[in-house]
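*Asks:* Hey, dropping start13.cif in here, mmCIF, C-alpha atoms:
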data_work
#
loop_
_atom_site.label_atom_id
_atom_site.label_comp_id
_atom_site.auth_asym_id
_atom_site.auth_seq_id
_atom_site.Cartn_x
_atom_site.Cartn_y
_atom_site.Cartn_z
CA MET A 524 -1.07 23.47 -32.43
CA GLU A 525 -4.54 22.97 -30.96
CA ASN A 526 -4.74 19.54 -32.61
CA ILE A 527 -1.44 18.51 -31.03
CA ILE A 528 -2.63 19.64 -27.58
CA LEU A 529 -5.93 17.80 -28.09
CA LEU A 530 -4.09 14.64 -29.14
CA PHE A 531 -1.86 14.89 -26.07
CA ASP A 532 -4.91 15.21 -23.81
CA HIS A 533 -6.55 12.20 -25.46
CA LEU A 534 -3.40 10.13 -25.00
CA LYS A 535 -3.20 11.18 -21.35
CA VAL A 536 -6.78 10.08 -20.75
CA PHE A 537 -6.14 6.83 -22.62
CA PHE A 538 -3.09 5.99 -20.53
CA ALA A 539 -4.87 7.00 -17.32
CA VAL A 540 -7.65 4.53 -18.13
CA LEU A 541 -5.07 1.93 -19.14
CA PHE A 542 -3.29 2.28 -15.80
CA PHE A 543 -6.64 2.05 -14.01
CA VAL A 544 -7.36 -1.26 -15.73
CA LEU A 545 -3.81 -2.46 -15.06
CA GLY A 546 -4.18 -1.49 -11.41
CA ALA A 547 -7.45 -3.42 -11.12
CA ILE A 548 -5.78 -6.53 -12.57
CA ILE A 549 -2.78 -6.18 -10.26
CA GLY A 550 -5.19 -5.57 -7.37
CA SER A 551 -6.88 -8.88 -8.13
CA PHE A 552 -3.51 -10.63 -7.75
CA LEU A 553 -2.79 -8.67 -4.56
CA ASN A 554 -6.03 -10.10 -3.15
CA VAL A 555 -4.62 -13.58 -3.74
CA VAL A 556 -1.43 -12.65 -1.89
CA ILE A 557 -3.34 -11.05 0.99
CA TYR A 558 -5.55 -14.11 1.42
CA ARG A 559 -3.08 -16.93 0.81
CA LEU A 560 0.21 -15.70 2.25
CA PRO A 561 -0.94 -15.74 5.91
CA ARG A 562 -2.32 -19.23 5.32
CA HIS A 563 0.98 -20.38 3.81
CA GLU A 564 -0.74 -21.38 0.59
CA SER A 565 0.73 -21.31 -2.90
CA LEU A 566 0.06 -18.10 -4.81
CA VAL A 567 -0.29 -20.09 -8.04
CA PHE A 568 -2.01 -23.38 -7.18
CA PRO A 569 -4.81 -24.22 -6.82
CA GLN A 570 -6.60 -21.88 -9.19
CA SER A 571 -8.98 -19.30 -7.76
CA HIS A 572 -11.99 -20.88 -6.09
CA CYS A 573 -14.78 -20.04 -3.70
CA PRO A 574 -13.48 -20.44 -0.13
CA ILE A 575 -16.92 -21.67 0.98
CA CYS A 576 -17.99 -24.25 -1.62
CA GLY A 577 -14.59 -24.79 -3.22
CA HIS A 578 -15.93 -24.41 -6.77
CA ARG A 579 -13.32 -23.25 -9.27
CA LEU A 580 -14.11 -19.74 -10.48
CA SER A 581 -14.53 -19.07 -14.19
CA THR A 582 -13.02 -16.18 -16.11
CA LEU A 583 -16.30 -14.27 -15.84
CA ASP A 584 -16.13 -14.59 -12.05
CA LEU A 585 -12.65 -13.07 -11.93
CA ILE A 586 -13.07 -9.78 -13.80
CA PRO A 587 -11.80 -7.19 -11.29
CA ILE A 588 -14.50 -4.97 -9.72
CA PHE A 589 -17.04 -5.81 -12.46
CA SER A 590 -17.61 -9.42 -11.38
CA TYR A 591 -18.33 -8.40 -7.79
CA VAL A 592 -20.92 -5.86 -8.94
CA ALA A 593 -22.47 -8.21 -11.50
CA LEU A 594 -22.74 -11.04 -8.97
CA ARG A 595 -24.05 -8.62 -6.32
CA GLY A 596 -21.33 -9.68 -3.93
CA LYS A 597 -22.28 -13.37 -3.91
CA CYS A 598 -20.75 -16.59 -5.19
CA ARG A 599 -22.38 -17.68 -8.45
CA TYR A 600 -22.38 -21.33 -7.34
CA CYS A 601 -23.32 -21.42 -3.66
CA GLY A 602 -24.65 -17.93 -2.99
CA ALA A 603 -22.16 -17.23 -0.19
CA LYS A 604 -21.31 -13.59 0.35
CA ILE A 605 -18.03 -12.40 -1.15
CA PRO A 606 -16.09 -10.23 1.31
CA PRO A 607 -16.06 -6.60 0.12
CA ILE A 608 -12.30 -6.51 0.70
CA TYR A 609 -11.83 -7.90 -2.82
CA PRO A 610 -13.36 -5.00 -4.80
CA ILE A 611 -11.92 -2.54 -2.26
CA VAL A 612 -8.35 -3.72 -2.91
CA GLU A 613 -8.94 -3.83 -6.68
CA SER A 614 -10.48 -0.34 -6.76
CA LEU A 615 -7.84 1.15 -4.46
CA THR A 616 -5.00 -0.28 -6.55
CA ALA A 617 -6.64 0.87 -9.79
CA ILE A 618 -7.13 4.43 -8.54
CA LEU A 619 -3.60 4.73 -7.15
CA PHE A 620 -2.08 3.31 -10.35
CA SER A 621 -3.99 5.85 -12.44
CA LEU A 622 -3.05 8.74 -10.15
CA THR A 623 0.60 7.68 -10.21
CA TYR A 624 0.64 7.85 -14.00
CA LEU A 625 -1.12 11.23 -14.01
CA LYS A 626 1.48 12.67 -11.62
CA PHE A 627 4.70 11.05 -12.83
CA GLY A 628 3.92 9.96 -16.39
CA LEU A 629 5.61 7.08 -18.19
CA THR A 630 8.80 7.24 -16.17
CA LEU A 631 11.06 5.04 -14.08
CA LEU A 632 9.78 6.92 -11.03
CA SER A 633 6.24 5.77 -11.85
CA LEU A 634 7.39 2.15 -12.00
CA LYS A 635 9.16 2.56 -8.67
CA TYR A 636 6.06 3.94 -6.98
CA LEU A 637 3.71 1.40 -8.59
CA ILE A 638 5.78 -1.41 -7.07
CA PHE A 639 5.94 0.43 -3.75
CA ILE A 640 2.19 1.05 -3.65
CA SER A 641 1.47 -2.62 -4.45
CA VAL A 642 3.67 -3.77 -1.58
CA LEU A 643 2.10 -1.24 0.80
CA ILE A 644 -1.38 -2.54 -0.02
CA VAL A 645 -0.36 -6.13 0.64
CA VAL A 646 1.41 -5.51 3.95
CA SER A 647 -1.30 -3.11 5.16
CA PHE A 648 -4.25 -5.42 4.68
CA ILE A 649 -2.39 -8.46 6.01
CA ASP A 650 -1.37 -6.50 9.11
CA LEU A 651 -4.90 -5.13 9.46
CA PHE A 652 -6.58 -8.56 9.37
CA GLU A 653 -3.85 -10.90 10.61
CA GLY A 654 -1.66 -8.63 12.74
CA VAL A 655 1.56 -9.84 11.12
CA VAL A 656 4.15 -8.53 8.66
CA PHE A 657 5.94 -10.99 6.41
CA ASP A 658 9.64 -10.30 5.90
CA ILE A 659 9.43 -12.34 2.71
CA VAL A 660 7.51 -9.37 1.27
CA VAL A 661 9.13 -6.28 2.80
CA ILE A 662 12.81 -7.29 2.69
CA PRO A 663 12.89 -8.06 -1.07
CA ALA A 664 10.86 -4.87 -1.58
CA ALA A 665 13.46 -2.90 0.39
CA ILE A 666 16.16 -4.30 -1.88
CA ILE A 667 14.15 -3.23 -4.93
CA GLY A 668 13.81 0.25 -3.45
CA LEU A 669 17.57 0.37 -2.94
CA ILE A 670 18.16 -0.69 -6.55
CA PHE A 671 15.93 2.15 -7.75
CA GLY A 672 18.00 4.44 -5.54
CA VAL A 673 21.08 3.52 -7.59
CA PHE A 674 19.37 5.09 -10.62
CA GLY A 675 18.22 8.11 -8.62
CA ASN A 676 19.58 9.66 -5.45
CA LEU A 677 21.49 6.82 -3.79
CA LYS A 678 22.66 8.96 -0.87
CA ASP A 679 19.10 10.02 -0.04
CA THR A 680 17.96 6.39 -0.32
CA ILE A 681 20.62 5.12 2.06
CA LEU A 682 19.90 7.93 4.53
CA GLY A 683 16.21 7.01 4.38
CA ILE A 684 16.98 3.38 5.21
CA ILE A 685 19.30 4.36 8.07
CA PHE A 686 16.81 6.87 9.46
CA TYR A 687 13.94 4.38 9.63
CA ALA A 688 16.14 1.55 10.89
CA ILE A 689 17.55 3.60 13.77
CA ILE A 690 14.37 5.43 14.76
CA PHE A 691 12.21 2.30 14.78
CA PHE A 692 14.85 0.28 16.59
CA LEU A 693 14.83 2.92 19.34
CA ILE A 694 11.02 3.06 19.45
CA ILE A 695 10.72 -0.74 19.62
CA THR A 696 13.36 -0.94 22.36
CA LEU A 697 11.63 1.72 24.44
CA SER A 698 8.17 0.22 23.89
CA LYS A 699 9.39 -3.15 25.17
CA LEU A 700 10.72 -1.46 28.29
CA PHE A 701 7.48 0.36 29.10
CA TYR A 702 4.87 -2.06 27.71
CA LYS A 703 4.69 -5.74 28.57
CA GLU A 704 2.23 -6.29 25.73
CA GLY A 705 1.64 -4.36 22.54
CA GLY A 706 3.89 -1.60 21.36
CA MET A 707 5.76 -1.76 18.09
CA GLY A 708 7.28 -4.94 16.74
CA GLU A 709 9.97 -6.04 14.34
CA GLY A 710 7.44 -5.96 11.49
CA ASP A 711 7.17 -2.20 11.89
CA LEU A 712 10.97 -1.97 11.73
CA THR A 713 11.31 -3.95 8.50
CA THR A 714 8.35 -2.14 6.94
CA GLY A 715 9.84 1.20 7.95
CA THR A 716 13.19 0.26 6.43
CA MET A 717 11.41 -0.65 3.20
CA ILE A 718 9.60 2.70 3.23
CA GLY A 719 12.90 4.49 3.75
CA ALA A 720 14.36 2.64 0.75
CA PHE A 721 11.57 3.82 -1.54
CA LEU A 722 10.97 7.32 -0.20
CA GLY A 723 14.48 8.30 0.82
CA PHE A 724 15.34 10.60 3.70
CA LYS A 725 13.37 13.74 2.78
CA PHE A 726 10.02 12.14 1.97
CA GLY A 727 10.72 9.46 4.58
CA ILE A 728 10.63 12.07 7.32
CA VAL A 729 7.35 13.42 5.94
CA ALA A 730 5.83 9.92 5.94
CA PHE A 731 7.19 9.19 9.42
CA ILE A 732 5.57 12.27 10.97
CA LEU A 733 2.32 11.80 9.07
CA SER A 734 2.06 8.15 10.14
CA PHE A 735 2.02 9.12 13.81
CA VAL A 736 -0.44 11.95 13.22
CA ILE A 737 -2.79 9.67 11.27
CA GLY A 738 -2.30 6.86 13.77
CA ALA A 739 -3.07 9.12 16.72
CA ILE A 740 -6.24 10.49 15.13
CA ALA A 741 -7.44 7.05 14.03
CA GLY A 742 -6.53 5.53 17.40
CA ILE A 743 -8.59 8.10 19.31
CA LEU A 744 -11.56 7.58 17.01
CA ILE A 745 -11.34 3.79 17.25
CA MET A 746 -11.12 3.88 21.05
CA LEU A 747 -14.09 6.24 21.27
CA ILE A 748 -16.19 4.09 18.97
CA SER A 749 -15.18 0.74 20.45
CA LYS A 750 -15.28 2.07 24.04
CA LYS A 751 -12.31 -0.13 24.99
CA GLY A 752 -10.14 2.69 26.23
CA GLY A 753 -6.39 2.21 25.98
CA LYS A 754 -6.65 -1.58 25.56
CA THR A 755 -7.49 -1.36 21.87
CA GLU A 756 -4.68 -2.83 19.76
CA ILE A 757 -4.07 -0.88 16.58
CA PRO A 758 -1.80 -2.19 13.79
CA PHE A 759 0.57 0.58 12.76
CA VAL A 760 1.60 -0.54 9.27
CA PRO A 761 -1.64 0.68 7.59
CA TYR A 762 -1.00 4.18 8.97
CA MET A 763 2.57 4.06 7.72
CA SER A 764 1.26 3.06 4.30
CA ILE A 765 -1.33 5.85 4.15
CA ALA A 766 1.35 8.34 5.18
CA SER A 767 3.72 6.98 2.53
CA VAL A 768 1.12 7.39 -0.22
CA LEU A 769 0.48 10.97 0.92
CA ALA A 770 4.24 11.59 0.85
CA ILE A 771 4.41 10.27 -2.72
CA PHE A 772 1.76 12.64 -4.03
CA PHE A 773 2.08 15.63 -1.69
CA GLY A 774 5.54 15.26 -0.14
CA ASN A 775 6.99 18.39 -1.76
CA TYR A 776 4.03 20.52 -0.70
CA ILE A 777 4.09 19.20 2.87
CA PHE A 778 7.84 19.67 3.14
CA ALA A 779 7.62 23.22 1.75
CA PHE A 780 4.78 24.04 4.15
CA TYR A 781 6.84 22.80 7.08
CA LEU A 782 9.86 24.89 6.07
CA ASN A 783 7.70 27.99 5.72
CA LEU A 784 6.69 27.70 9.36
CA PHE A 785 10.18 28.75 10.41
#
Produce structure tokens that represent the structure in this file.
*Replies:*
Amino acid sequence: MENIILLFDHLKVFFAVLFFVLGAIIGSFLNVVIYRLPRHESLVFPQSHCPICGHRLSTLDLIPIFSYVALRGKCRYCGAKIPPIYPIVESLTAILFSLTYLKFGLTLLSLKYLIFISVLIVVSFIDLFEGVVFDIVVIPAAIIGLIFGVFGNLKDTILGIIFYAIIFFLIITLSKLFYKEGGMGEGDLTTGTMIGAFLGFKFGIVAFILSFVIGAIAGILIMLISKKGGKTEIPFVPYMSIASVLAIFFGNYIFAFYLNLF
């Protein structure tokens, strides 16, 4: 019996490491999407190259996380600094992939959340650096979330989509009435609808509330640090993504805690 338990533990560690490596590889591709999509470049051609000197990168230059550390954050050919965003995205994706496996195992739910997390990383970093959300990413992702809902709780999935669509439509409409500039945009609406498709109604509400809490805290800190007062523009999609990830891993606990308050 002890040998079986030990074997199970070894397999769990093996798969956790395997998902970490897989996440790092996927994260490397997500970096390509994050960089090229806003520039309307092909995700396939040309092959990966240094954006400064244009030299094509070799296989050794493209090993996720490791290459950045080995090269000390510089291009092998021209010595230009490599933005730290690359290892950050790779490491973040790797960690979240591994944690997803550890929580949900080798299940369809894991696949659903791995896709969801990958999309969240892409839209978050693009919104953070470029201030734009691409419907070509979130709308197909929302459809994928709906398809997964067919194999799970379709009613909850549809309610999640409707909830986010209605609530963000109202928020955007009101923000346009009270703010000439800024406020929420259509990108937040489509991203929210995609989140509703993947999380459903129950966890969608958790993520919705958390996104505003996280956004408010981060917004106050950013304004205090930047000393720009209320004029600081803050993209909201990254907060929605952080809240969604928290809902994935802790949604049941948060929901239970909320119910126990009453």
*Asks:* Would you kindly translate the PyMOL selection byres ((chain A and resi 680) around 9) into the concrete residues it picks from this file, as a list in words?
*Replies:* Gly668, Leu669, Phe671, Gly672, Val673, Gly675, Asn676, Leu677, Lys678, Asp679, Ile681, Leu682, Gly683, Ile684, Ile685, Gly719, Ala720, Phe721, Leu722, Gly723 and Phe724 of chain A
*Asks:* For Leu580 (chain A), list every protein, DNA or RNA residue within 12 Å, evaluated using all atoms listed in the file, and leave out those in the same chain fewer than 2 positions away; present the list as a list in words.
*Replies:*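 Skipping anything fewer than 2 positions along the chain leaves Pro569, Gln570, Ser571, His572, Cys573, Pro574, Ile575, Cys576, Gly577, His578, Thr582, Leu583, Asp584, Leu585, Ile586, Ser590, Cys598, Arg599, Tyr600 and Cys601 of chain A.
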*Asks:* Quick one: residues within 9 Å of Gly710 (chain A), only C-alpha atoms counted, chain neighbours fewer than 5 positions away excluded, as a list in words?
*Replies:* Val655, Val656, Phe657, Asp658, Val661, Gly715 and Val760 of chain A
*Asks:* With C-alpha atoms retained, export the selected residues as a PDB file, keeping the file's coordinate frame.
*Replies:*
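Produced file out_34.pdb, reproduced below:
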ATOM      1  CA  VAL A 655       1.560  -9.840  11.120  1.00  0.00           C
ATOM      2  CA  VAL A 656       4.150  -8.530   8.660  1.00  0.00           C
ATOM      3  CA  PHE A 657       5.940 -10.990   6.410  1.00  0.00           C
ATOM      4  CA  ASP A 658       9.640 -10.300   5.900  1.00  0.00           C
ATOM      5  CA  VAL A 661       9.130  -6.280   2.800  1.00  0.00           C
ATOM      6  CA  GLY A 715       9.840   1.200   7.950  1.00  0.00           C
ATOM      7  CA  VAL A 760       1.600  -0.540   9.270  1.00  0.00           C
TER       8      VAL A 760
END
*Asks:* Tell me which of A:Leu643, A:Ile745, A:Gly708, A:Ile690 sits closest to Ser767 (chain A), counting only C-alpha atoms.
*Replies:*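 Of A:Leu643, A:Ile745, A:Gly708, A:Ile690, the one nearest Ser767 (chain A) is A:Leu643, counting only C-alpha atoms.
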*Asks:* Sorted by chain and rising residue number, which residues of region 642-688 of chain A lie within 8 Å of region 552-564 of chain A, and what are their closest atom pairs and distances in Å to one decimal, counting all atoms listed in the file, as a tab-separated table?
*Replies:*
residue	atom	partner	partner_atom	distance
A:Ile644	CA	A:Leu553	CA	7.8
A:Val645	CA	A:Ile557	CA	5.8
A:Val646	CA	A:Ile557	CA	7.9
A:Phe648	CA	A:Ile557	CA	6.8
A:Ile649	CA	A:Ile557	CA	5.7
A:Glu653	CA	A:Pro561	CA	7.3
*Asks:* Just checking: using all atoms listed in the file, which residue out of A:Asn775, A:Phe674, A:Ser734, A:Ser749 ends up closest to Leu632 (chain A)?
*Replies:*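 Nearest to Leu632 (chain A): A:Phe674.
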*Asks:* Suppose you want the space between CA of Val544 (chain A) and CA of Ser565 (chain A); what is it in Å?
*Replies:*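 Atom-to-atom, CA of Val544 (chain A) and CA of Ser565 (chain A) are spaced 25.1 Å apart.
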*Asks:* Using the file's own x, y and z axes, what box holds all listed atoms of region 542-553 of chain A with 4 Å on each side, keeping edges along x, y and z, and what are its centre and edge lengths in Å to one decimal, as lines of an AutoDock Vina configuration file?
*Replies:*
center_x = -5.1
center_y = -4.2
center_z = -10.2
size_x = 12.7
size_y = 20.9
size_z = 19.2
